file entry_12.tsv (TSV, N, CA and C atoms)
chain	number	residue	atom	x	y	z
A	1	MET	N	0.79	-1.19	0.00
A	1	MET	CA	0.00	0.00	0.00
A	1	MET	C	0.84	1.27	0.00
A	2	LEU	N	2.06	1.20	0.26
A	2	LEU	CA	2.92	2.37	0.24
A	2	LEU	C	3.28	2.71	-1.19
A	3	ILE	N	3.37	3.99	-1.45
A	3	ILE	CA	3.73	4.46	-2.79
A	3	ILE	C	5.24	4.55	-2.86
A	4	THR	N	5.80	4.00	-3.88
A	4	THR	CA	7.25	4.03	-4.03
A	4	THR	C	7.70	5.41	-4.48
A	5	PRO	N	8.88	5.84	-4.17
A	5	PRO	CA	9.35	7.17	-4.57
A	5	PRO	C	9.40	7.34	-6.08
A	6	ALA	N	9.68	6.32	-6.86
A	6	ALA	CA	9.75	6.44	-8.31
A	6	ALA	C	8.38	6.75	-8.89
A	7	PHE	N	7.32	6.19	-8.36
A	7	PHE	CA	5.97	6.43	-8.85
A	7	PHE	C	5.53	7.86	-8.51
A	8	ALA	N	5.88	8.39	-7.38
A	8	ALA	CA	5.50	9.74	-6.97
A	8	ALA	C	6.22	10.79	-7.82
A	9	GLN	N	7.45	10.53	-8.22
A	9	GLN	CA	8.18	11.48	-9.03
A	9	GLN	C	7.67	11.51	-10.46
A	10	ALA	N	7.23	10.43	-11.00
A	10	ALA	CA	6.75	10.37	-12.38
A	10	ALA	C	5.43	11.10	-12.54
A	11	ALA	N	4.61	11.19	-11.53
A	11	ALA	CA	3.29	11.82	-11.65
A	11	ALA	C	3.40	13.33	-11.78
A	12	GLY	N	4.41	13.99	-11.24
A	12	GLY	CA	4.52	15.44	-11.27
A	12	GLY	C	5.08	15.99	-12.57
A	13	GLY	N	5.63	15.25	-13.45
A	13	GLY	CA	6.29	15.73	-14.66
A	13	GLY	C	5.35	16.31	-15.69
A	14	ALA	N	4.13	15.85	-15.83
A	14	ALA	CA	3.21	16.30	-16.88
A	14	ALA	C	2.62	17.67	-16.57
A	15	GLY	N	2.37	18.02	-15.34
A	15	GLY	CA	1.72	19.28	-14.99
A	15	GLY	C	2.70	20.38	-14.64
A	16	ASP	N	3.96	20.28	-14.95
A	16	ASP	CA	4.98	21.25	-14.58
A	16	ASP	C	4.78	22.58	-15.32
A	17	THR	N	4.42	22.57	-16.59
A	17	THR	CA	4.22	23.78	-17.37
A	17	THR	C	3.00	24.54	-16.86
A	18	ASN	N	1.94	23.83	-16.59
A	18	ASN	CA	0.72	24.44	-16.07
A	18	ASN	C	0.97	25.07	-14.71
A	19	SER	N	1.76	24.42	-13.89
A	19	SER	CA	2.08	24.93	-12.56
A	19	SER	C	2.89	26.23	-12.66
A	20	MET	N	3.78	26.31	-13.63
A	20	MET	CA	4.60	27.51	-13.79
A	20	MET	C	3.74	28.69	-14.25
A	21	LEU	N	2.81	28.46	-15.16
A	21	LEU	CA	1.92	29.54	-15.61
A	21	LEU	C	1.03	30.02	-14.47
A	22	MET	N	0.55	29.12	-13.68
A	22	MET	CA	-0.31	29.50	-12.55
A	22	MET	C	0.48	30.28	-11.49
A	23	SER	N	1.77	30.03	-11.35
A	23	SER	CA	2.56	30.78	-10.38
A	23	SER	C	2.91	32.17	-10.90
A	24	LEU	N	2.97	32.38	-12.22
A	24	LEU	CA	3.26	33.70	-12.79
A	24	LEU	C	2.01	34.54	-12.99
A	25	LEU	N	0.85	33.94	-12.96
A	25	LEU	CA	-0.40	34.66	-13.17
A	25	LEU	C	-0.63	35.77	-12.14
A	26	PRO	N	-0.40	35.58	-10.86
A	26	PRO	CA	-0.60	36.68	-9.91
A	26	PRO	C	0.31	37.88	-10.19
A	27	PHE	N	1.54	37.64	-10.62
A	27	PHE	CA	2.44	38.75	-10.93
A	27	PHE	C	1.94	39.54	-12.14
A	28	ALA	N	1.46	38.85	-13.14
A	28	ALA	CA	0.91	39.53	-14.32
A	28	ALA	C	-0.33	40.33	-13.94
A	29	LEU	N	-1.17	39.77	-13.10
A	29	LEU	CA	-2.38	40.45	-12.66
A	29	LEU	C	-2.03	41.70	-11.85
A	30	ILE	N	-1.04	41.62	-10.99
A	30	ILE	CA	-0.60	42.78	-10.20
A	30	ILE	C	-0.07	43.87	-11.12
A	31	PHE	N	0.69	43.50	-12.15
A	31	PHE	CA	1.21	44.50	-13.09
A	31	PHE	C	0.09	45.21	-13.82
A	32	VAL	N	-0.92	44.49	-14.25
A	32	VAL	CA	-2.06	45.09	-14.97
A	32	VAL	C	-2.81	46.05	-14.03
A	33	ILE	N	-3.02	45.65	-12.80
A	33	ILE	CA	-3.71	46.52	-11.84
A	33	ILE	C	-2.89	47.77	-11.57
A	34	MET	N	-1.58	47.63	-11.40
A	34	MET	CA	-0.71	48.78	-11.16
A	34	MET	C	-0.73	49.73	-12.35
A	35	TYR	N	-0.77	49.21	-13.56
A	35	TYR	CA	-0.80	50.04	-14.75
A	35	TYR	C	-2.05	50.92	-14.76
A	36	PHE	N	-3.21	50.32	-14.51
A	36	PHE	CA	-4.45	51.08	-14.58
A	36	PHE	C	-4.68	51.98	-13.37
A	37	LEU	N	-4.16	51.64	-12.21
A	37	LEU	CA	-4.40	52.46	-11.02
A	37	LEU	C	-3.33	53.51	-10.79
A	38	ILE	N	-2.11	53.29	-11.29
A	38	ILE	CA	-1.03	54.24	-10.98
A	38	ILE	C	-0.45	54.89	-12.24
A	39	LEU	N	-0.04	54.10	-13.21
A	39	LEU	CA	0.69	54.65	-14.36
A	39	LEU	C	-0.19	55.50	-15.27
A	40	ARG	N	-1.37	55.03	-15.63
A	40	ARG	CA	-2.22	55.80	-16.54
A	40	ARG	C	-2.67	57.13	-15.95
A	41	PRO	N	-3.13	57.17	-14.68
A	41	PRO	CA	-3.49	58.48	-14.13
A	41	PRO	C	-2.31	59.44	-14.04
A	42	GLN	N	-1.12	58.91	-13.75
A	42	GLN	CA	0.07	59.77	-13.68
A	42	GLN	C	0.41	60.33	-15.06
A	43	GLN	N	0.30	59.52	-16.10
A	43	GLN	CA	0.56	60.00	-17.46
A	43	GLN	C	-0.44	61.08	-17.85
A	44	LYS	N	-1.69	60.91	-17.46
A	44	LYS	CA	-2.72	61.91	-17.76
A	44	LYS	C	-2.42	63.22	-17.04
A	45	LYS	N	-1.98	63.12	-15.80
A	45	LYS	CA	-1.65	64.30	-15.02
A	45	LYS	C	-0.48	65.06	-15.66
A	46	VAL	N	0.52	64.35	-16.12
A	46	VAL	CA	1.68	64.97	-16.78
A	46	VAL	C	1.24	65.66	-18.07
A	47	ARG	N	0.37	65.00	-18.84
A	47	ARG	CA	-0.14	65.59	-20.09
A	47	ARG	C	-0.93	66.86	-19.81
A	48	ASP	N	-1.80	66.84	-18.79
A	48	ASP	CA	-2.60	68.01	-18.44
A	48	ASP	C	-1.71	69.17	-17.99
A	49	HIS	N	-0.66	68.88	-17.21
A	49	HIS	CA	0.25	69.94	-16.76
A	49	HIS	C	1.00	70.54	-17.94
A	50	ALA	N	1.41	69.70	-18.89
A	50	ALA	CA	2.11	70.21	-20.08
A	50	ALA	C	1.20	71.14	-20.88
A	51	ASP	N	-0.08	70.78	-21.01
A	51	ASP	CA	-1.03	71.64	-21.72
A	51	ASP	C	-1.24	72.96	-20.97
A	52	LEU	N	-1.34	72.88	-19.66
A	52	LEU	CA	-1.53	74.07	-18.84
A	52	LEU	C	-0.36	75.03	-19.01
A	53	VAL	N	0.85	74.50	-18.95
A	53	VAL	CA	2.06	75.32	-19.06
A	53	VAL	C	2.19	75.90	-20.47
A	54	LYS	N	1.82	75.12	-21.45
A	54	LYS	CA	1.95	75.58	-22.84
A	54	LYS	C	0.97	76.72	-23.14
A	55	ASN	N	-0.19	76.74	-22.49
A	55	ASN	CA	-1.22	77.73	-22.80
A	55	ASN	C	-1.21	78.94	-21.89
A	56	ILE	N	-0.15	79.15	-21.12
A	56	ILE	CA	-0.06	80.34	-20.28
A	56	ILE	C	0.17	81.55	-21.19
A	57	ARG	N	-0.58	82.62	-20.91
A	57	ARG	CA	-0.41	83.84	-21.70
A	57	ARG	C	-0.47	85.06	-20.78
A	58	ARG	N	-0.18	86.21	-21.35
A	58	ARG	CA	-0.15	87.44	-20.57
A	58	ARG	C	-1.53	87.72	-19.98
A	59	GLY	N	-1.54	88.09	-18.71
A	59	GLY	CA	-2.79	88.40	-18.03
A	59	GLY	C	-3.29	87.28	-17.14
A	60	ASP	N	-2.74	86.08	-17.28
A	60	ASP	CA	-3.16	84.95	-16.44
A	60	ASP	C	-2.62	85.14	-15.02
A	61	THR	N	-3.40	84.72	-14.05
A	61	THR	CA	-2.93	84.68	-12.66
A	61	THR	C	-2.45	83.27	-12.39
A	62	VAL	N	-1.16	83.14	-12.02
A	62	VAL	CA	-0.55	81.82	-11.87
A	62	VAL	C	-0.08	81.61	-10.44
A	63	VAL	N	0.04	80.34	-10.07
A	63	VAL	CA	0.58	79.93	-8.79
A	63	VAL	C	1.80	79.06	-9.07
A	64	THR	N	2.93	79.39	-8.44
A	64	THR	CA	4.15	78.60	-8.65
A	64	THR	C	4.21	77.46	-7.65
A	65	THR	N	5.13	76.54	-7.88
A	65	THR	CA	5.30	75.44	-6.95
A	65	THR	C	5.82	75.92	-5.61
A	66	GLY	N	6.44	77.08	-5.57
A	66	GLY	CA	6.92	77.66	-4.32
A	66	GLY	C	5.85	78.41	-3.56
A	67	GLY	N	4.68	78.61	-4.17
A	67	GLY	CA	3.57	79.26	-3.50
A	67	GLY	C	3.37	80.72	-3.86
A	68	LEU	N	4.18	81.26	-4.76
A	68	LEU	CA	3.98	82.64	-5.18
A	68	LEU	C	2.79	82.75	-6.11
A	69	VAL	N	2.01	83.80	-5.93
A	69	VAL	CA	0.86	84.06	-6.79
A	69	VAL	C	1.12	85.39	-7.48
A	70	GLY	N	0.96	85.41	-8.79
A	70	GLY	CA	1.20	86.64	-9.52
A	70	GLY	C	0.51	86.64	-10.86
A	71	LYS	N	0.56	87.80	-11.50
A	71	LYS	CA	-0.07	87.98	-12.80
A	71	LYS	C	1.00	88.03	-13.88
A	72	VAL	N	0.83	87.23	-14.92
A	72	VAL	CA	1.82	87.14	-15.99
A	72	VAL	C	1.83	88.46	-16.75
A	73	THR	N	3.03	89.06	-16.84
A	73	THR	CA	3.18	90.32	-17.57
A	73	THR	C	3.84	90.11	-18.93
A	74	LYS	N	4.62	89.03	-19.05
A	74	LYS	CA	5.35	88.82	-20.30
A	74	LYS	C	5.69	87.34	-20.43
A	75	VAL	N	5.49	86.81	-21.63
A	75	VAL	CA	5.95	85.46	-21.93
A	75	VAL	C	7.30	85.62	-22.62
A	76	VAL	N	8.38	85.27	-21.91
A	76	VAL	CA	9.73	85.53	-22.39
A	76	VAL	C	10.04	84.62	-23.58
A	77	ASP	N	9.93	83.31	-23.39
A	77	ASP	CA	10.15	82.35	-24.47
A	77	ASP	C	9.43	81.06	-24.11
A	78	ASP	N	9.81	79.97	-24.77
A	78	ASP	CA	9.14	78.69	-24.51
A	78	ASP	C	9.43	78.14	-23.13
A	79	ASP	N	10.48	78.63	-22.47
A	79	ASP	CA	10.86	78.08	-21.18
A	79	ASP	C	10.58	79.01	-19.99
A	80	GLN	N	10.45	80.31	-20.24
A	80	GLN	CA	10.32	81.26	-19.12
A	80	GLN	C	9.14	82.19	-19.31
A	81	ILE	N	8.60	82.62	-18.16
A	81	ILE	CA	7.60	83.68	-18.15
A	81	ILE	C	8.04	84.71	-17.12
A	82	GLU	N	7.48	85.89	-17.24
A	82	GLU	CA	7.73	86.94	-16.26
A	82	GLU	C	6.39	87.31	-15.66
A	83	PHE	N	6.31	87.33	-14.34
A	83	PHE	CA	5.06	87.70	-13.72
A	83	PHE	C	5.29	88.67	-12.57
A	84	GLU	N	4.25	89.42	-12.26
A	84	GLU	CA	4.32	90.47	-11.25
A	84	GLU	C	3.67	89.96	-9.97
A	85	ILE	N	4.46	89.96	-8.87
A	85	ILE	CA	3.93	89.48	-7.60
A	85	ILE	C	3.46	90.62	-6.71
A	86	SER	N	3.89	91.83	-7.01
A	86	SER	CA	3.47	93.03	-6.29
A	86	SER	C	3.66	94.21	-7.24
A	87	ASP	N	3.20	95.38	-6.85
A	87	ASP	CA	3.35	96.54	-7.73
A	87	ASP	C	4.83	96.81	-7.98
A	88	GLY	N	5.23	96.68	-9.23
A	88	GLY	CA	6.61	96.96	-9.61
A	88	GLY	C	7.60	95.84	-9.33
A	89	VAL	N	7.16	94.72	-8.78
A	89	VAL	CA	8.06	93.60	-8.49
A	89	VAL	C	7.78	92.49	-9.49
A	90	ARG	N	8.71	92.31	-10.40
A	90	ARG	CA	8.54	91.28	-11.44
A	90	ARG	C	9.57	90.18	-11.26
A	91	VAL	N	9.13	88.96	-11.51
A	91	VAL	CA	9.97	87.79	-11.29
A	91	VAL	C	9.93	86.94	-12.56
A	92	ARG	N	11.09	86.39	-12.93
A	92	ARG	CA	11.14	85.43	-14.03
A	92	ARG	C	11.07	84.02	-13.45
A	93	GLN	N	10.31	83.17	-14.10
A	93	GLN	CA	10.09	81.82	-13.59
A	93	GLN	C	10.10	80.85	-14.76
A	94	MET	N	10.63	79.66	-14.52
A	94	MET	CA	10.57	78.60	-15.53
A	94	MET	C	9.11	78.15	-15.64
A	95	ARG	N	8.66	77.91	-16.84
A	95	ARG	CA	7.27	77.50	-17.06
A	95	ARG	C	6.92	76.21	-16.33
A	96	GLN	N	7.87	75.28	-16.29
A	96	GLN	CA	7.60	73.98	-15.66
A	96	GLN	C	7.36	74.09	-14.17
A	97	MET	N	7.74	75.21	-13.56
A	97	MET	CA	7.56	75.39	-12.12
A	97	MET	C	6.22	76.05	-11.78
A	98	ILE	N	5.36	76.20	-12.76
A	98	ILE	CA	4.02	76.72	-12.52
A	98	ILE	C	3.12	75.55	-12.14
A	99	SER	N	2.46	75.66	-10.99
A	99	SER	CA	1.62	74.54	-10.55
A	99	SER	C	0.17	74.72	-10.94
A	100	GLY	N	-0.26	75.94	-11.18
A	100	GLY	CA	-1.65	76.12	-11.56
A	100	GLY	C	-1.93	77.51	-12.08
A	101	VAL	N	-3.05	77.63	-12.77
A	101	VAL	CA	-3.52	78.92	-13.26
A	101	VAL	C	-4.84	79.20	-12.56
A	102	ARG	N	-4.89	80.30	-11.81
A	102	ARG	CA	-6.11	80.61	-11.06
A	102	ARG	C	-7.15	81.31	-11.91
A	103	ALA	N	-6.74	82.29	-12.69
A	103	ALA	CA	-7.69	83.05	-13.51
A	103	ALA	C	-7.06	83.28	-14.87
A	104	LYS	N	-7.84	82.99	-15.88
A	104	LYS	CA	-7.36	83.21	-17.24
A	104	LYS	C	-7.53	84.68	-17.59
A	105	GLY	N	-6.50	85.25	-18.21
A	105	GLY	CA	-6.57	86.62	-18.67
A	105	GLY	C	-7.25	86.69	-20.02
A	106	GLU	N	-7.67	87.88	-20.38
A	106	GLU	CA	-8.28	88.06	-21.69
A	106	GLU	C	-7.18	88.27	-22.71
A	107	PRO	N	-7.37	87.79	-23.95
A	107	PRO	CA	-6.35	88.01	-24.96
A	107	PRO	C	-6.20	89.50	-25.25
A	108	ALA	N	-5.00	89.90	-25.62
A	108	ALA	CA	-4.74	91.30	-25.92
A	108	ALA	C	-5.53	91.71	-27.16
A	109	LYS	N	-6.16	92.88	-27.08
A	109	LYS	CA	-6.95	93.37	-28.22
A	109	LYS	C	-6.01	93.99	-29.24
A	110	GLU	N	-6.33	93.76	-30.52
A	110	GLU	CA	-5.47	94.29	-31.57
A	110	GLU	C	-5.61	95.80	-31.69
A	111	LYS	N	-6.84	96.29	-31.78
A	111	LYS	CA	-7.09	97.73	-31.88
A	111	LYS	C	-8.02	98.12	-30.74
A	112	SER	N	-7.62	99.11	-29.99
A	112	SER	CA	-8.51	99.56	-28.91
A	112	SER	C	-9.43	100.64	-29.45
A	113	GLU	N	-10.72	100.41	-29.29
A	113	GLU	CA	-11.71	101.38	-29.73
A	113	GLU	C	-11.92	102.40	-28.63
A	114	PRO	N	-12.13	103.66	-28.98
A	114	PRO	CA	-12.35	104.67	-27.94
A	114	PRO	C	-13.62	104.36	-27.18
A	115	ALA	N	-13.55	104.50	-25.87
A	115	ALA	CA	-14.72	104.21	-25.03
A	115	ALA	C	-15.72	105.35	-25.16
A	116	LYS	N	-16.99	105.00	-25.25
A	116	LYS	CA	-18.04	106.01	-25.34
A	116	LYS	C	-18.34	106.52	-23.95
A	117	ASP	N	-18.45	107.81	-23.83
A	117	ASP	CA	-18.74	108.43	-22.56
A	117	ASP	C	-20.24	108.32	-22.30
A	118	GLU	N	-20.61	107.71	-21.18
A	118	GLU	CA	-22.02	107.51	-20.87
A	118	GLU	C	-22.73	108.81	-20.50
A	119	SER	N	-22.00	109.76	-19.97
A	119	SER	CA	-22.65	111.02	-19.53
A	119	SER	C	-23.11	111.85	-20.72
A	120	SER	N	-22.43	111.75	-21.87
A	120	SER	CA	-22.84	112.53	-23.04
A	120	SER	C	-24.02	111.92	-23.75
A	121	ALA	N	-24.34	110.65	-23.48
A	121	ALA	CA	-25.46	109.98	-24.12
A	121	ALA	C	-26.78	110.40	-23.51
A	122	SER	N	-26.77	110.99	-22.30
A	122	SER	CA	-28.02	111.35	-21.65
A	122	SER	C	-28.63	112.60	-22.19

call {"tool": "encode", "arguments": {"input": "entry_12.tsv", "output": "structure tokens"}}
result
Amino acid sequence: MLITPAFAQAAGGAGDTNSMLMSLLPFALIFVIMYFLILRPQQKKVRDHADLVKNIRRGDTVVTTGGLVGKVTKVVDDDQIEFEISDGVRVRQMRQMISGVRAKGEPAKEKSEPAKDESSAS
């Protein structure tokens, strides 16, 4: 009634490939879950920040990663902007260090029309 060692060893040889796939399945499943829960949202966040930085224009109120809040006075080039944090105090900042835009400025008007005086209309 005892099983000999040779008989016990022969039975395990056929299912070895299946056993290996079943042991790797949890790792593959963990990788897929990590991709959808961590990597994809991070890529979307990076894309959104790049769009935000690319669309900064004069008149926008921006917040830097250091916590400064100011109004953009000049877009220097593709890498830098100049913004005013107080009356007469202007700072140059790398675009990538902008963490958010609080208020969008209006685009600069090409031709300014003279304002109509309301008191003369009465």

call {"tool": "residues_near_point", "arguments": {"input": "entry_12.tsv", "point": "(0.8, 73.6, -8.5)", "cutoff": "7 Å", "atoms": "only N, CA and C atoms", "output": "list in words"}}
result
Val63, Thr64, Thr65, Met97, Ile98, Ser99 and Gly100 of chain A

call {"tool": "select_by_dssp", "arguments": {"input": "entry_12.tsv", "residues": "stretch 18-112 of chain A", "states": "helix (DSSP H, G or I)", "output": "PyMOL selection string"}}
result
chain A and resi 18-54+95-97

call {"tool": "residues_around", "arguments": {"input": "entry_12.tsv", "residues": "A:Val76", "least_positions_apart": "5", "cutoff": "9 Å", "atoms": "only C-alpha atoms", "output": "list of chain:residue names"}}
result
A:Ile81, A:Glu82, A:Arg92

call {"tool": "write_last_selection", "arguments": {"input": "entry_12.tsv", "atoms": "N, CA and C atoms", "output": "compact mmCIF listing (two decimals), keeping the file's coordinate frame"}}
result
# COMPACT_ATOMS: atom_id res chain seq x y z
N ILE A 81 8.60 82.62 -18.16
CA ILE A 81 7.60 83.68 -18.15
C ILE A 81 8.04 84.71 -17.12
N GLU A 82 7.48 85.89 -17.24
CA GLU A 82 7.73 86.94 -16.26
C GLU A 82 6.39 87.31 -15.66
N ARG A 92 11.09 86.39 -12.93
CA ARG A 92 11.14 85.43 -14.03
C ARG A 92 11.07 84.02 -13.45

call {"tool": "closest_residue", "arguments": {"input": "entry_12.tsv", "among": "A:Val32, A:Leu52, A:Val75, A:Leu37", "to": "A:Val101", "atoms": "only N, CA and C atoms"}}
result
A:Leu52

call {"tool": "atom_distance", "arguments": {"input": "entry_12.tsv", "atom1": "atom CA of A:Val72", "atom2": "atom C of A:Gln43"}}
result
26.2 Å

call {"tool": "select_by_dssp", "arguments": {"input": "entry_12.tsv", "residues": "stretch 34-112 of chain A", "states": "strand (DSSP E)", "output": "PyMOL selection string"}}
result
chain A and resi 61-64+69-75+80-86+89-94+98-103

call {"tool": "atom_distance", "arguments": {"input": "entry_12.tsv", "atom1": "atom CA of A:Val69", "atom2": "atom CA of A:Asp87"}}
result
12.8 Å

call {"tool": "atom_distance", "arguments": {"input": "entry_12.tsv", "atom1": "atom CA of A:Lys104", "atom2": "atom CA of A:Ser86"}}
result
18.3 Å

call {"tool": "axis_aligned_box", "arguments": {"input": "entry_12.tsv", "around": "stretch 84-97 of chain A", "padding_each_side": "5 Å", "output": "JSON"}}
result
{"center_x": 7.2, "center_y": 85.5, "center_z": -11.7, "size_x": 17.9, "size_y": 33.0, "size_z": 20.8}

call {"tool": "residues_around", "arguments": {"input": "entry_12.tsv", "residues": "A:Phe83", "least_positions_apart": "3", "cutoff": "7 Å", "atoms": "all atoms listed in the file", "output": "PyMOL selection string"}}
result
chain A and resi 70-74+86+89-93

call {"tool": "decode", "arguments": {"input": "entry_12.tsv", "residues": "stretch 44-53 of chain A", "atoms": "all heavy atoms", "output": "PDB file, in the first residue's frame"}}
result
ATOM      1  N   LYS A  44      -1.692  60.912 -17.463  1.00  0.00           N
ATOM      2  CA  LYS A  44      -2.721  61.911 -17.764  1.00  0.00           C
ATOM      3  C   LYS A  44      -2.424  63.215 -17.036  1.00  0.00           C
ATOM      4  O   LYS A  44      -2.570  64.306 -17.601  1.00  0.00           O
ATOM      5  CB  LYS A  44      -4.099  61.389 -17.367  1.00  0.00           C
ATOM      6  CG  LYS A  44      -5.232  62.325 -17.747  1.00  0.00           C
ATOM      7  CD  LYS A  44      -6.564  61.756 -17.312  1.00  0.00           C
ATOM      8  CE  LYS A  44      -7.733  62.585 -17.741  1.00  0.00           C
ATOM      9  NZ  LYS A  44      -7.686  63.985 -17.388  1.00  0.00           N
ATOM     10  N   LYS A  45      -1.980  63.120 -15.799  1.00  0.00           N
ATOM     11  CA  LYS A  45      -1.650  64.304 -15.021  1.00  0.00           C
ATOM     12  C   LYS A  45      -0.483  65.064 -15.657  1.00  0.00           C
ATOM     13  O   LYS A  45      -0.501  66.291 -15.729  1.00  0.00           O
ATOM     14  CB  LYS A  45      -1.303  63.890 -13.592  1.00  0.00           C
ATOM     15  CG  LYS A  45      -1.102  65.024 -12.649  1.00  0.00           C
ATOM     16  CD  LYS A  45      -0.871  64.509 -11.246  1.00  0.00           C
ATOM     17  CE  LYS A  45      -0.620  65.642 -10.288  1.00  0.00           C
ATOM     18  NZ  LYS A  45      -0.362  65.179  -8.934  1.00  0.00           N
ATOM     19  N   VAL A  46       0.525  64.347 -16.120  1.00  0.00           N
ATOM     20  CA  VAL A  46       1.677  64.972 -16.781  1.00  0.00           C
ATOM     21  C   VAL A  46       1.236  65.659 -18.075  1.00  0.00           C
ATOM     22  O   VAL A  46       1.661  66.779 -18.375  1.00  0.00           O
ATOM     23  CB  VAL A  46       2.785  63.926 -17.046  1.00  0.00           C
ATOM     24  CG1 VAL A  46       3.849  64.473 -17.985  1.00  0.00           C
ATOM     25  CG2 VAL A  46       3.402  63.475 -15.741  1.00  0.00           C
ATOM     26  N   ARG A  47       0.372  65.002 -18.844  1.00  0.00           N
ATOM     27  CA  ARG A  47      -0.138  65.589 -20.086  1.00  0.00           C
ATOM     28  C   ARG A  47      -0.935  66.864 -19.810  1.00  0.00           C
ATOM     29  O   ARG A  47      -0.784  67.872 -20.512  1.00  0.00           O
ATOM     30  CB  ARG A  47      -1.026  64.566 -20.798  1.00  0.00           C
ATOM     31  CG  ARG A  47      -0.610  64.242 -22.191  1.00  0.00           C
ATOM     32  CD  ARG A  47      -1.577  63.330 -22.925  1.00  0.00           C
ATOM     33  NE  ARG A  47      -2.528  62.601 -22.129  1.00  0.00           N
ATOM     34  CZ  ARG A  47      -2.436  61.319 -21.789  1.00  0.00           C
ATOM     35  NH1 ARG A  47      -1.408  60.615 -22.195  1.00  0.00           N
ATOM     36  NH2 ARG A  47      -3.365  60.731 -21.058  1.00  0.00           N
ATOM     37  N   ASP A  48      -1.798  66.837 -18.788  1.00  0.00           N
ATOM     38  CA  ASP A  48      -2.596  68.009 -18.439  1.00  0.00           C
ATOM     39  C   ASP A  48      -1.710  69.172 -17.992  1.00  0.00           C
ATOM     40  O   ASP A  48      -1.960  70.324 -18.347  1.00  0.00           O
ATOM     41  CB  ASP A  48      -3.601  67.671 -17.336  1.00  0.00           C
ATOM     42  CG  ASP A  48      -4.708  66.750 -17.819  1.00  0.00           C
ATOM     43  OD1 ASP A  48      -4.872  66.598 -19.051  1.00  0.00           O
ATOM     44  OD2 ASP A  48      -5.408  66.160 -16.952  1.00  0.00           O
ATOM     45  N   HIS A  49      -0.658  68.884 -17.208  1.00  0.00           N
ATOM     46  CA  HIS A  49       0.252  69.942 -16.759  1.00  0.00           C
ATOM     47  C   HIS A  49       1.003  70.537 -17.943  1.00  0.00           C
ATOM     48  O   HIS A  49       1.201  71.758 -18.003  1.00  0.00           O
ATOM     49  CB  HIS A  49       1.230  69.405 -15.711  1.00  0.00           C
ATOM     50  CG  HIS A  49       2.126  70.460 -15.163  1.00  0.00           C
ATOM     51  ND1 HIS A  49       3.420  70.626 -15.613  1.00  0.00           N
ATOM     52  CD2 HIS A  49       1.921  71.421 -14.229  1.00  0.00           C
ATOM     53  CE1 HIS A  49       3.959  71.652 -14.967  1.00  0.00           C
ATOM     54  NE2 HIS A  49       3.077  72.142 -14.120  1.00  0.00           N
ATOM     55  N   ALA A  50       1.411  69.703 -18.893  1.00  0.00           N
ATOM     56  CA  ALA A  50       2.109  70.213 -20.080  1.00  0.00           C
ATOM     57  C   ALA A  50       1.196  71.137 -20.882  1.00  0.00           C
ATOM     58  O   ALA A  50       1.639  72.181 -21.380  1.00  0.00           O
ATOM     59  CB  ALA A  50       2.608  69.059 -20.933  1.00  0.00           C
ATOM     60  N   ASP A  51      -0.083  70.778 -21.009  1.00  0.00           N
ATOM     61  CA  ASP A  51      -1.031  71.643 -21.720  1.00  0.00           C
ATOM     62  C   ASP A  51      -1.244  72.957 -20.973  1.00  0.00           C
ATOM     63  O   ASP A  51      -1.318  74.026 -21.582  1.00  0.00           O
ATOM     64  CB  ASP A  51      -2.377  70.933 -21.895  1.00  0.00           C
ATOM     65  CG  ASP A  51      -2.318  69.814 -22.912  1.00  0.00           C
ATOM     66  OD1 ASP A  51      -1.376  69.799 -23.739  1.00  0.00           O
ATOM     67  OD2 ASP A  51      -3.223  68.950 -22.878  1.00  0.00           O
ATOM     68  N   LEU A  52      -1.341  72.880 -19.660  1.00  0.00           N
ATOM     69  CA  LEU A  52      -1.531  74.070 -18.841  1.00  0.00           C
ATOM     70  C   LEU A  52      -0.360  75.028 -19.012  1.00  0.00           C
ATOM     71  O   LEU A  52      -0.549  76.222 -19.234  1.00  0.00           O
ATOM     72  CB  LEU A  52      -1.670  73.671 -17.368  1.00  0.00           C
ATOM     73  CG  LEU A  52      -1.729  74.820 -16.374  1.00  0.00           C
ATOM     74  CD1 LEU A  52      -3.180  75.127 -16.044  1.00  0.00           C
ATOM     75  CD2 LEU A  52      -0.968  74.467 -15.132  1.00  0.00           C
ATOM     76  N   VAL A  53       0.851  74.500 -18.946  1.00  0.00           N
ATOM     77  CA  VAL A  53       2.059  75.322 -19.061  1.00  0.00           C
ATOM     78  C   VAL A  53       2.188  75.904 -20.469  1.00  0.00           C
ATOM     79  O   VAL A  53       2.582  77.059 -20.632  1.00  0.00           O
ATOM     80  CB  VAL A  53       3.296  74.482 -18.682  1.00  0.00           C
ATOM     81  CG1 VAL A  53       4.574  75.176 -19.067  1.00  0.00           C
ATOM     82  CG2 VAL A  53       3.282  74.183 -17.193  1.00  0.00           C
TER      83      VAL A  53
END
